[in-house]
>>> print(open('structure-v3.tsv').read())   # TSV, N, CA and C atoms
chain	number	residue	atom	x	y	z
W	1	GLN	N	20.22	7.45	5.64
W	1	GLN	CA	18.97	7.40	6.39
W	1	GLN	C	17.87	8.08	5.59
W	2	VAL	N	16.73	7.43	5.49
W	2	VAL	CA	15.59	7.97	4.77
W	2	VAL	C	14.52	8.35	5.77
W	3	GLN	N	13.99	9.55	5.62
W	3	GLN	CA	12.90	10.01	6.48
W	3	GLN	C	11.58	9.81	5.76
W	4	LEU	N	10.60	9.28	6.49
W	4	LEU	CA	9.24	9.13	5.97
W	4	LEU	C	8.31	9.98	6.83
W	5	VAL	N	7.52	10.82	6.18
W	5	VAL	CA	6.62	11.72	6.90
W	5	VAL	C	5.20	11.49	6.42
W	6	GLU	N	4.36	11.02	7.32
W	6	GLU	CA	2.95	10.80	7.00
W	6	GLU	C	2.14	12.06	7.26
W	7	SER	N	1.09	12.23	6.51
W	7	SER	CA	0.16	13.33	6.70
W	7	SER	C	-1.20	12.93	6.18
W	8	GLY	N	-2.21	13.75	6.53
W	8	GLY	CA	-3.55	13.52	6.01
W	8	GLY	C	-4.52	12.90	6.98
W	9	GLY	N	-4.04	12.54	8.16
W	9	GLY	CA	-4.95	11.98	9.15
W	9	GLY	C	-5.87	13.03	9.74
W	10	GLY	N	-6.83	12.56	10.53
W	10	GLY	CA	-7.76	13.49	11.14
W	10	GLY	C	-9.00	12.78	11.64
W	11	LEU	N	-9.99	13.59	11.96
W	11	LEU	CA	-11.27	13.08	12.45
W	11	LEU	C	-12.27	13.08	11.29
W	12	VAL	N	-12.93	11.96	11.10
W	12	VAL	CA	-13.90	11.84	10.01
W	12	VAL	C	-15.09	11.02	10.50
W	13	GLN	N	-16.25	11.30	9.96
W	13	GLN	CA	-17.44	10.55	10.33
W	13	GLN	C	-17.47	9.20	9.63
W	14	PRO	N	-18.16	8.24	10.22
W	14	PRO	CA	-18.31	6.95	9.54
W	14	PRO	C	-18.88	7.15	8.14
W	15	GLY	N	-18.32	6.41	7.20
W	15	GLY	CA	-18.71	6.54	5.81
W	15	GLY	C	-17.92	7.56	5.03
W	16	GLY	N	-17.11	8.33	5.74
W	16	GLY	CA	-16.31	9.36	5.09
W	16	GLY	C	-15.03	8.84	4.48
W	17	SER	N	-14.24	9.78	3.95
W	17	SER	CA	-13.00	9.43	3.26
W	17	SER	C	-11.85	10.29	3.76
W	18	LEU	N	-10.67	9.73	3.65
W	18	LEU	CA	-9.43	10.45	3.91
W	18	LEU	C	-8.37	9.93	2.95
W	19	ARG	N	-7.41	10.78	2.63
W	19	ARG	CA	-6.26	10.33	1.85
W	19	ARG	C	-5.00	10.62	2.64
W	20	LEU	N	-4.29	9.57	2.96
W	20	LEU	CA	-3.02	9.69	3.66
W	20	LEU	C	-1.88	9.78	2.65
W	21	SER	N	-0.87	10.54	3.02
W	21	SER	CA	0.33	10.66	2.20
W	21	SER	C	1.55	10.28	3.02
W	22	CYS	N	2.51	9.70	2.36
W	22	CYS	CA	3.79	9.36	2.98
W	22	CYS	C	4.88	9.91	2.06
W	23	ALA	N	5.51	10.98	2.50
W	23	ALA	CA	6.55	11.62	1.71
W	23	ALA	C	7.92	11.16	2.19
W	24	ALA	N	8.74	10.71	1.25
W	24	ALA	CA	10.08	10.22	1.58
W	24	ALA	C	11.12	11.29	1.25
W	25	SER	N	12.20	11.26	2.03
W	25	SER	CA	13.27	12.25	1.83
W	25	SER	C	14.23	11.83	0.72
W	26	ALA	N	14.03	10.64	0.20
W	26	ALA	CA	14.87	10.15	-0.89
W	26	ALA	C	13.99	9.38	-1.86
W	27	SER	N	14.57	8.98	-2.96
W	27	SER	CA	13.81	8.29	-3.97
W	27	SER	C	13.22	6.99	-3.44
W	28	ILE	N	11.93	6.79	-3.70
W	28	ILE	CA	11.29	5.54	-3.28
W	28	ILE	C	11.37	4.49	-4.37
W	29	PHE	N	11.92	4.88	-5.50
W	29	PHE	CA	11.98	3.96	-6.64
W	29	PHE	C	12.80	2.72	-6.30
W	30	SER	N	13.80	2.91	-5.45
W	30	SER	CA	14.71	1.80	-5.14
W	30	SER	C	14.16	0.86	-4.08
W	31	PHE	N	13.05	1.22	-3.45
W	31	PHE	CA	12.49	0.35	-2.42
W	31	PHE	C	11.62	-0.72	-3.07
W	32	ASN	N	11.79	-1.94	-2.62
W	32	ASN	CA	11.04	-3.05	-3.19
W	32	ASN	C	9.55	-2.94	-2.89
W	33	VAL	N	9.26	-2.56	-1.65
W	33	VAL	CA	7.87	-2.51	-1.21
W	33	VAL	C	7.65	-1.28	-0.33
W	34	MET	N	6.56	-0.60	-0.56
W	34	MET	CA	6.11	0.47	0.32
W	34	MET	C	4.82	-0.01	0.99
W	35	ASN	N	4.72	0.23	2.27
W	35	ASN	CA	3.61	-0.33	3.05
W	35	ASN	C	2.91	0.72	3.90
W	36	TRP	N	1.66	0.46	4.17
W	36	TRP	CA	0.92	1.17	5.21
W	36	TRP	C	0.54	0.14	6.29
W	37	TYR	N	0.81	0.52	7.53
W	37	TYR	CA	0.41	-0.27	8.69
W	37	TYR	C	-0.49	0.60	9.55
W	38	ARG	N	-1.17	-0.03	10.49
W	38	ARG	CA	-1.93	0.73	11.48
W	38	ARG	C	-1.88	0.01	12.82
W	39	GLN	N	-2.06	0.82	13.86
W	39	GLN	CA	-2.07	0.28	15.21
W	39	GLN	C	-3.13	1.00	16.02
W	40	ALA	N	-4.09	0.24	16.49
W	40	ALA	CA	-5.14	0.77	17.35
W	40	ALA	C	-4.71	0.59	18.80
W	41	PRO	N	-5.25	1.39	19.70
W	41	PRO	CA	-4.88	1.28	21.11
W	41	PRO	C	-5.10	-0.14	21.64
W	42	GLY	N	-4.10	-0.69	22.29
W	42	GLY	CA	-4.21	-2.01	22.87
W	42	GLY	C	-4.09	-3.15	21.90
W	43	LYS	N	-3.81	-2.84	20.64
W	43	LYS	CA	-3.71	-3.89	19.61
W	43	LYS	C	-2.34	-3.88	18.97
W	44	GLN	N	-2.01	-4.99	18.31
W	44	GLN	CA	-0.74	-5.07	17.60
W	44	GLN	C	-0.81	-4.28	16.30
W	45	ARG	N	0.35	-3.85	15.86
W	45	ARG	CA	0.42	-3.18	14.58
W	45	ARG	C	0.14	-4.19	13.47
W	46	GLU	N	-0.66	-3.79	12.51
W	46	GLU	CA	-1.04	-4.70	11.43
W	46	GLU	C	-0.82	-4.07	10.08
W	47	SER	N	-0.53	-4.91	9.11
W	47	SER	CA	-0.36	-4.43	7.75
W	47	SER	C	-1.73	-4.12	7.15
W	48	VAL	N	-1.82	-3.00	6.48
W	48	VAL	CA	-3.06	-2.58	5.84
W	48	VAL	C	-2.99	-2.77	4.33
W	49	ALA	N	-1.89	-2.28	3.75
W	49	ALA	CA	-1.76	-2.35	2.30
W	49	ALA	C	-0.29	-2.24	1.94
W	50	SER	N	0.05	-2.78	0.77
W	50	SER	CA	1.42	-2.67	0.29
W	50	SER	C	1.42	-2.52	-1.22
W	51	ILE	N	2.51	-1.95	-1.73
W	51	ILE	CA	2.67	-1.80	-3.17
W	51	ILE	C	4.14	-2.01	-3.52
W	52	THR	N	4.38	-2.85	-4.50
W	52	THR	CA	5.75	-3.15	-4.90
W	52	THR	C	6.25	-2.09	-5.88
W	53	SER	N	7.53	-2.16	-6.17
W	53	SER	CA	8.12	-1.22	-7.13
W	53	SER	C	7.51	-1.42	-8.51
W	54	GLY	N	6.99	-2.61	-8.77
W	54	GLY	CA	6.34	-2.87	-10.04
W	54	GLY	C	4.87	-2.53	-10.07
W	55	GLY	N	4.35	-2.09	-8.91
W	55	GLY	CA	2.95	-1.66	-8.88
W	55	GLY	C	1.96	-2.71	-8.39
W	56	THR	N	2.46	-3.87	-7.99
W	56	THR	CA	1.56	-4.89	-7.46
W	56	THR	C	1.10	-4.50	-6.06
W	57	THR	N	-0.20	-4.59	-5.85
W	57	THR	CA	-0.76	-4.18	-4.57
W	57	THR	C	-1.32	-5.37	-3.80
W	58	ASN	N	-1.39	-5.19	-2.49
W	58	ASN	CA	-1.96	-6.21	-1.62
W	58	ASN	C	-2.66	-5.50	-0.46
W	59	TYR	N	-3.77	-6.09	-0.02
W	59	TYR	CA	-4.57	-5.45	1.02
W	59	TYR	C	-4.98	-6.45	2.09
W	60	ALA	N	-5.14	-5.92	3.31
W	60	ALA	CA	-5.75	-6.72	4.36
W	60	ALA	C	-7.21	-6.95	4.00
W	61	ASP	N	-7.74	-8.09	4.41
W	61	ASP	CA	-9.13	-8.40	4.09
W	61	ASP	C	-10.08	-7.34	4.63
W	62	SER	N	-9.72	-6.77	5.76
W	62	SER	CA	-10.61	-5.81	6.42
W	62	SER	C	-10.76	-4.50	5.65
W	63	VAL	N	-9.84	-4.22	4.72
W	63	VAL	CA	-9.89	-2.94	4.01
W	63	VAL	C	-10.04	-3.11	2.50
W	64	ARG	N	-9.94	-4.34	2.03
W	64	ARG	CA	-10.00	-4.57	0.58
W	64	ARG	C	-11.33	-4.07	0.04
W	65	GLY	N	-11.26	-3.33	-1.06
W	65	GLY	CA	-12.46	-2.76	-1.66
W	65	GLY	C	-12.80	-1.37	-1.14
W	66	ARG	N	-12.17	-0.98	-0.03
W	66	ARG	CA	-12.42	0.36	0.53
W	66	ARG	C	-11.18	1.25	0.46
W	67	PHE	N	-10.01	0.65	0.60
W	67	PHE	CA	-8.75	1.40	0.60
W	67	PHE	C	-8.00	1.14	-0.70
W	68	THR	N	-7.25	2.15	-1.14
W	68	THR	CA	-6.43	2.01	-2.34
W	68	THR	C	-5.06	2.61	-2.07
W	69	ILE	N	-4.03	1.82	-2.30
W	69	ILE	CA	-2.65	2.30	-2.15
W	69	ILE	C	-2.10	2.63	-3.52
W	70	SER	N	-1.32	3.70	-3.58
W	70	SER	CA	-0.70	4.08	-4.85
W	70	SER	C	0.64	4.76	-4.53
W	71	ARG	N	1.46	4.89	-5.56
W	71	ARG	CA	2.76	5.53	-5.37
W	71	ARG	C	3.05	6.44	-6.55
W	72	ASP	N	3.71	7.55	-6.25
W	72	ASP	CA	4.15	8.48	-7.28
W	72	ASP	C	5.65	8.61	-7.12
W	73	ASN	N	6.39	7.89	-7.94
W	73	ASN	CA	7.85	7.89	-7.82
W	73	ASN	C	8.45	9.26	-8.11
W	74	THR	N	7.77	10.06	-8.93
W	74	THR	CA	8.31	11.38	-9.25
W	74	THR	C	8.23	12.33	-8.06
W	75	LYS	N	7.30	12.05	-7.15
W	75	LYS	CA	7.15	12.88	-5.96
W	75	LYS	C	7.67	12.18	-4.71
W	76	ASN	N	8.17	10.96	-4.89
W	76	ASN	CA	8.65	10.16	-3.74
W	76	ASN	C	7.59	10.06	-2.66
W	77	THR	N	6.38	9.79	-3.08
W	77	THR	CA	5.25	9.78	-2.16
W	77	THR	C	4.37	8.56	-2.40
W	78	VAL	N	3.89	8.00	-1.30
W	78	VAL	CA	2.94	6.90	-1.35
W	78	VAL	C	1.65	7.39	-0.71
W	79	TYR	N	0.54	6.96	-1.28
W	79	TYR	CA	-0.77	7.41	-0.81
W	79	TYR	C	-1.60	6.23	-0.34
W	80	LEU	N	-2.53	6.54	0.55
W	80	LEU	CA	-3.54	5.56	0.94
W	80	LEU	C	-4.88	6.28	0.92
W	81	GLN	N	-5.67	5.98	-0.10
W	81	GLN	CA	-7.02	6.53	-0.20
W	81	GLN	C	-7.94	5.62	0.59
W	82	MET	N	-8.63	6.19	1.56
W	82	MET	CA	-9.50	5.41	2.44
W	82	MET	C	-10.93	5.90	2.28
W	83	ASN	N	-11.78	5.04	1.81
W	83	ASN	CA	-13.19	5.34	1.63
W	83	ASN	C	-14.06	4.48	2.53
W	84	SER	N	-15.30	4.90	2.69
W	84	SER	CA	-16.26	4.14	3.51
W	84	SER	C	-15.66	3.78	4.86
W	85	LEU	N	-15.10	4.76	5.50
W	85	LEU	CA	-14.41	4.52	6.77
W	85	LEU	C	-15.37	4.07	7.86
W	86	LYS	N	-14.85	3.20	8.72
W	86	LYS	CA	-15.62	2.64	9.81
W	86	LYS	C	-14.95	2.99	11.14
W	87	PRO	N	-15.68	2.98	12.23
W	87	PRO	CA	-15.04	3.24	13.54
W	87	PRO	C	-13.88	2.30	13.82
W	88	GLU	N	-13.94	1.09	13.35
W	88	GLU	CA	-12.85	0.14	13.59
W	88	GLU	C	-11.60	0.44	12.77
W	89	ASP	N	-11.67	1.42	11.88
W	89	ASP	CA	-10.47	1.87	11.17
W	89	ASP	C	-9.67	2.88	11.99
W	90	THR	N	-10.21	3.28	13.12
W	90	THR	CA	-9.51	4.23	13.98
W	90	THR	C	-8.20	3.64	14.46
W	91	ALA	N	-7.11	4.36	14.19
W	91	ALA	CA	-5.78	3.88	14.54
W	91	ALA	C	-4.75	4.93	14.15
W	92	ALA	N	-3.54	4.70	14.61
W	92	ALA	CA	-2.41	5.45	14.07
W	92	ALA	C	-1.91	4.70	12.84
W	93	TYR	N	-1.72	5.42	11.75
W	93	TYR	CA	-1.31	4.82	10.48
W	93	TYR	C	0.15	5.17	10.21
W	94	TYR	N	0.92	4.14	9.85
W	94	TYR	CA	2.35	4.28	9.65
W	94	TYR	C	2.74	3.85	8.25
W	95	CYS	N	3.72	4.53	7.71
W	95	CYS	CA	4.30	4.19	6.43
W	95	CYS	C	5.61	3.44	6.68
W	96	ARG	N	5.89	2.46	5.83
W	96	ARG	CA	7.12	1.68	5.95
W	96	ARG	C	7.71	1.46	4.56
W	97	ALA	N	9.02	1.62	4.47
W	97	ALA	CA	9.73	1.39	3.21
W	97	ALA	C	10.71	0.24	3.39
W	98	LEU	N	10.61	-0.75	2.53
W	98	LEU	CA	11.49	-1.92	2.60
W	98	LEU	C	12.30	-2.02	1.33
W	99	GLY	N	13.62	-2.16	1.50
W	99	GLY	CA	14.48	-2.29	0.34
W	99	GLY	C	15.53	-3.37	0.55
W	100	GLY	N	16.41	-3.49	-0.39
W	100	GLY	CA	17.47	-4.47	-0.28
W	100	GLY	C	18.52	-4.05	0.75
W	101	ARG	N	19.42	-5.00	1.06
W	101	ARG	CA	20.51	-4.75	2.01
W	101	ARG	C	19.99	-4.31	3.37
W	102	GLY	N	18.84	-4.84	3.75
W	102	GLY	CA	18.32	-4.58	5.09
W	102	GLY	C	17.72	-3.21	5.31
W	103	ARG	N	17.47	-2.47	4.26
W	103	ARG	CA	16.89	-1.13	4.43
W	103	ARG	C	15.43	-1.27	4.85
W	104	ASP	N	15.11	-0.67	5.99
W	104	ASP	CA	13.78	-0.78	6.58
W	104	ASP	C	13.52	0.50	7.36
W	105	TYR	N	12.63	1.33	6.85
W	105	TYR	CA	12.37	2.62	7.47
W	105	TYR	C	10.89	2.77	7.79
W	106	TRP	N	10.62	3.46	8.92
W	106	TRP	CA	9.26	3.72	9.36
W	106	TRP	C	9.07	5.23	9.54
W	107	GLY	N	7.84	5.66	9.30
W	107	GLY	CA	7.48	7.03	9.62
W	107	GLY	C	6.99	7.12	11.06
W	108	GLN	N	6.65	8.34	11.46
W	108	GLN	CA	6.21	8.58	12.84
W	108	GLN	C	4.72	8.35	13.03
W	109	GLY	N	3.98	8.26	11.96
W	109	GLY	CA	2.56	7.95	12.06
W	109	GLY	C	1.66	9.17	11.98
W	110	THR	N	0.42	8.91	11.58
W	110	THR	CA	-0.61	9.94	11.56
W	110	THR	C	-1.89	9.31	12.09
W	111	GLN	N	-2.61	10.04	12.92
W	111	GLN	CA	-3.78	9.50	13.60
W	111	GLN	C	-5.02	9.65	12.72
W	112	VAL	N	-5.77	8.57	12.64
W	112	VAL	CA	-7.07	8.57	11.97
W	112	VAL	C	-8.12	8.18	13.00
W	113	THR	N	-9.12	9.03	13.14
W	113	THR	CA	-10.21	8.76	14.08
W	113	THR	C	-11.53	8.82	13.32
W	114	VAL	N	-12.27	7.72	13.39
W	114	VAL	CA	-13.56	7.64	12.71
W	114	VAL	C	-14.65	7.60	13.78
W	115	SER	N	-15.38	8.67	13.87
W	115	SER	CA	-16.38	8.79	14.92
W	115	SER	C	-17.44	9.80	14.53
W	116	SER	N	-18.65	9.56	15.01
W	116	SER	CA	-19.72	10.53	14.78
W	116	SER	C	-19.82	11.48	15.96
>>> encode(input="structure-v3.tsv", output="structure tokens")
Amino acid sequence: QVQLVESGGGLVQPGGSLRLSCAASASIFSFNVMNWYRQAPGKQRESVASITSGGTTNYADSVRGRFTISRDNTKNTVYLQMNSLKPEDTAAYYCRALGGRGRDYWGQGTQVTVSS
């Protein structure tokens, strides 16, 4: 069992920045894809960004150009740098690790609130 712990959420004004971290209890090198999802109240959980073991990234249209996902295999940590935040980015943000043989792990989430 792999534990994923998100951190870095908080309250920020529109236009501000936050960096989320997802620390894994085991090596993330073996996971094919590391992902960030978010879920706003009353809405479905949606994919925000992903990064493969080879470093290929993908972003939702709503965050492309503002958010950057990265991974540090030496620290077993995935990051989500969020710039130019908007009120509609307010949500709980979750980390997900996907690997072979059905390995699929989620973190508990960290809250991001964008408000003046």
>>> closest_residue(input="structure-v3.tsv", among="W:Cys95, W:Ala40, W:Leu11, W:Leu18", to="Leu80 of chain W", atoms="only N, CA and C atoms")
W:Leu18
>>> residues_near_point(input="structure-v3.tsv", point="(-3.6, 4.2, 7.7)", cutoff="6 Å", atoms="all atoms listed in the file", output="ChimeraX atom specification")
/W:36-38,92-94
>>> residues_around(input="structure-v3.tsv", residues="segment 96-102 of chain W", least_positions_apart="5", cutoff="7 Å", atoms="only N, CA and C atoms", output="list in words")
Ser30, Phe31, Asn32, Val33, Met34, Asn35, Trp36, Tyr37 and Gly107 of chain W
>>> closest_residue(input="structure-v3.tsv", among="W:Leu4, W:Leu20, W:Val112, W:Ala49", to="Val78 of chain W", atoms="only N, CA and C atoms")
W:Leu20
>>> select_by_dssp(input="structure-v3.tsv", residues="segment 32-107 of chain W", states="strand (DSSP E or B)", output="PyMOL selection string")
chain W and resi 33-39+46-52+57-59+67-72+77-82+91-98+104-106
>>> atom_distance(input="structure-v3.tsv", atom1="atom CA of Gln108 of chain W", atom2="atom CA of Ser47 of chain W")
15.4 Å
>>> atom_distance(input="structure-v3.tsv", atom1="atom N of Glu46 of chain W", atom2="atom CA of Gln1 of chain W")
23.4 Å
>>> closest_residue(input="structure-v3.tsv", among="W:Ser7, W:Ser50, W:Ser62, W:Gln13", to="Ser115 of chain W", atoms="only C-alpha atoms")
W:Gln13
>>> residues_around(input="structure-v3.tsv", residues="Thr113 of chain W", least_positions_apart="3", cutoff="6 Å", atoms="all atoms listed in the file", output="list in words")
Gly10, Leu11, Val12, Thr90 and Ala91 of chain W
>>> decode(input="structure-v3.tsv", residues="segment 45-57 of chain W", atoms="all heavy atoms", output="PDB file, in the first residue's frame")
ATOM      1  N   ARG W  45     -15.414  15.105  -9.845  1.00  0.00           N
ATOM      2  CA  ARG W  45     -13.968  15.220  -9.809  1.00  0.00           C
ATOM      3  C   ARG W  45     -13.434  15.243 -11.238  1.00  0.00           C
ATOM      4  O   ARG W  45     -13.878  14.478 -12.095  1.00  0.00           O
ATOM      5  CB  ARG W  45     -13.372  14.032  -9.041  1.00  0.00           C
ATOM      6  CG  ARG W  45     -11.912  14.169  -8.715  1.00  0.00           C
ATOM      7  CD  ARG W  45     -11.447  13.067  -7.757  1.00  0.00           C
ATOM      8  NE  ARG W  45     -12.092  13.195  -6.453  1.00  0.00           N
ATOM      9  CZ  ARG W  45     -11.734  12.461  -5.391  1.00  0.00           C
ATOM     10  NH1 ARG W  45     -10.762  11.570  -5.486  1.00  0.00           N
ATOM     11  NH2 ARG W  45     -12.358  12.615  -4.243  1.00  0.00           N
ATOM     12  N   GLU W  46     -12.487  16.122 -11.489  1.00  0.00           N
ATOM     13  CA  GLU W  46     -11.948  16.270 -12.834  1.00  0.00           C
ATOM     14  C   GLU W  46     -10.439  16.230 -12.824  1.00  0.00           C
ATOM     15  O   GLU W  46      -9.798  16.658 -11.854  1.00  0.00           O
ATOM     16  CB  GLU W  46     -12.426  17.587 -13.467  1.00  0.00           C
ATOM     17  CG  GLU W  46     -11.958  18.834 -12.755  1.00  0.00           C
ATOM     18  CD  GLU W  46     -12.340  20.119 -13.478  1.00  0.00           C
ATOM     19  OE1 GLU W  46     -12.884  20.058 -14.589  1.00  0.00           O
ATOM     20  OE2 GLU W  46     -12.078  21.209 -12.913  1.00  0.00           O
ATOM     21  N   SER W  47      -9.880  15.744 -13.914  1.00  0.00           N
ATOM     22  CA  SER W  47      -8.440  15.713 -14.053  1.00  0.00           C
ATOM     23  C   SER W  47      -7.926  17.115 -14.348  1.00  0.00           C
ATOM     24  O   SER W  47      -8.497  17.825 -15.176  1.00  0.00           O
ATOM     25  CB  SER W  47      -8.039  14.755 -15.177  1.00  0.00           C
ATOM     26  OG  SER W  47      -6.651  14.785 -15.385  1.00  0.00           O
ATOM     27  N   VAL W  48      -6.865  17.492 -13.685  1.00  0.00           N
ATOM     28  CA  VAL W  48      -6.256  18.801 -13.870  1.00  0.00           C
ATOM     29  C   VAL W  48      -4.968  18.698 -14.674  1.00  0.00           C
ATOM     30  O   VAL W  48      -4.759  19.446 -15.627  1.00  0.00           O
ATOM     31  CB  VAL W  48      -5.966  19.461 -12.507  1.00  0.00           C
ATOM     32  CG1 VAL W  48      -5.212  20.772 -12.688  1.00  0.00           C
ATOM     33  CG2 VAL W  48      -7.260  19.692 -11.749  1.00  0.00           C
ATOM     34  N   ALA W  49      -4.115  17.763 -14.257  1.00  0.00           N
ATOM     35  CA  ALA W  49      -2.825  17.629 -14.915  1.00  0.00           C
ATOM     36  C   ALA W  49      -2.278  16.237 -14.649  1.00  0.00           C
ATOM     37  O   ALA W  49      -2.612  15.609 -13.642  1.00  0.00           O
ATOM     38  CB  ALA W  49      -1.840  18.682 -14.411  1.00  0.00           C
ATOM     39  N   SER W  50      -1.419  15.781 -15.555  1.00  0.00           N
ATOM     40  CA  SER W  50      -0.780  14.489 -15.363  1.00  0.00           C
ATOM     41  C   SER W  50       0.644  14.542 -15.891  1.00  0.00           C
ATOM     42  O   SER W  50       0.976  15.383 -16.745  1.00  0.00           O
ATOM     43  CB  SER W  50      -1.556  13.379 -16.074  1.00  0.00           C
ATOM     44  OG  SER W  50      -1.568  13.586 -17.475  1.00  0.00           O
ATOM     45  N   ILE W  51       1.473  13.631 -15.374  1.00  0.00           N
ATOM     46  CA  ILE W  51       2.848  13.522 -15.836  1.00  0.00           C
ATOM     47  C   ILE W  51       3.242  12.058 -15.840  1.00  0.00           C
ATOM     48  O   ILE W  51       3.010  11.339 -14.868  1.00  0.00           O
ATOM     49  CB  ILE W  51       3.804  14.379 -14.964  1.00  0.00           C
ATOM     50  CG1 ILE W  51       5.219  14.343 -15.529  1.00  0.00           C
ATOM     51  CG2 ILE W  51       3.772  13.951 -13.506  1.00  0.00           C
ATOM     52  CD1 ILE W  51       6.145  15.409 -14.913  1.00  0.00           C
ATOM     53  N   THR W  52       3.799  11.612 -16.945  1.00  0.00           N
ATOM     54  CA  THR W  52       4.195  10.217 -17.067  1.00  0.00           C
ATOM     55  C   THR W  52       5.580  10.009 -16.461  1.00  0.00           C
ATOM     56  O   THR W  52       6.295  10.964 -16.131  1.00  0.00           O
ATOM     57  CB  THR W  52       4.227   9.782 -18.532  1.00  0.00           C
ATOM     58  OG1 THR W  52       5.307  10.458 -19.196  1.00  0.00           O
ATOM     59  CG2 THR W  52       2.916  10.107 -19.225  1.00  0.00           C
ATOM     60  N   SER W  53       5.967   8.757 -16.361  1.00  0.00           N
ATOM     61  CA  SER W  53       7.289   8.434 -15.835  1.00  0.00           C
ATOM     62  C   SER W  53       8.381   8.984 -16.745  1.00  0.00           C
ATOM     63  O   SER W  53       9.498   9.247 -16.288  1.00  0.00           O
ATOM     64  CB  SER W  53       7.445   6.922 -15.681  1.00  0.00           C
ATOM     65  OG  SER W  53       7.195   6.276 -16.919  1.00  0.00           O
ATOM     66  N   GLY W  54       8.048   9.188 -18.008  1.00  0.00           N
ATOM     67  CA  GLY W  54       9.014   9.760 -18.936  1.00  0.00           C
ATOM     68  C   GLY W  54       9.006  11.267 -18.980  1.00  0.00           C
ATOM     69  O   GLY W  54       9.801  11.879 -19.703  1.00  0.00           O
ATOM     70  N   GLY W  55       8.089  11.876 -18.214  1.00  0.00           N
ATOM     71  CA  GLY W  55       8.079  13.332 -18.133  1.00  0.00           C
ATOM     72  C   GLY W  55       7.081  14.020 -19.054  1.00  0.00           C
ATOM     73  O   GLY W  55       7.027  15.250 -19.082  1.00  0.00           O
ATOM     74  N   THR W  56       6.293  13.248 -19.780  1.00  0.00           N
ATOM     75  CA  THR W  56       5.281  13.853 -20.643  1.00  0.00           C
ATOM     76  C   THR W  56       4.136  14.386 -19.797  1.00  0.00           C
ATOM     77  O   THR W  56       3.619  13.689 -18.932  1.00  0.00           O
ATOM     78  CB  THR W  56       4.742  12.829 -21.648  1.00  0.00           C
ATOM     79  OG1 THR W  56       5.820  12.364 -22.466  1.00  0.00           O
ATOM     80  CG2 THR W  56       3.681  13.460 -22.542  1.00  0.00           C
ATOM     81  N   THR W  57       3.755  15.619 -20.073  1.00  0.00           N
ATOM     82  CA  THR W  57       2.709  16.258 -19.280  1.00  0.00           C
ATOM     83  C   THR W  57       1.453  16.490 -20.110  1.00  0.00           C
ATOM     84  O   THR W  57       1.502  16.588 -21.336  1.00  0.00           O
ATOM     85  CB  THR W  57       3.189  17.602 -18.715  1.00  0.00           C
ATOM     86  OG1 THR W  57       3.592  18.455 -19.800  1.00  0.00           O
ATOM     87  CG2 THR W  57       4.368  17.409 -17.780  1.00  0.00           C
TER      88      THR W  57
END
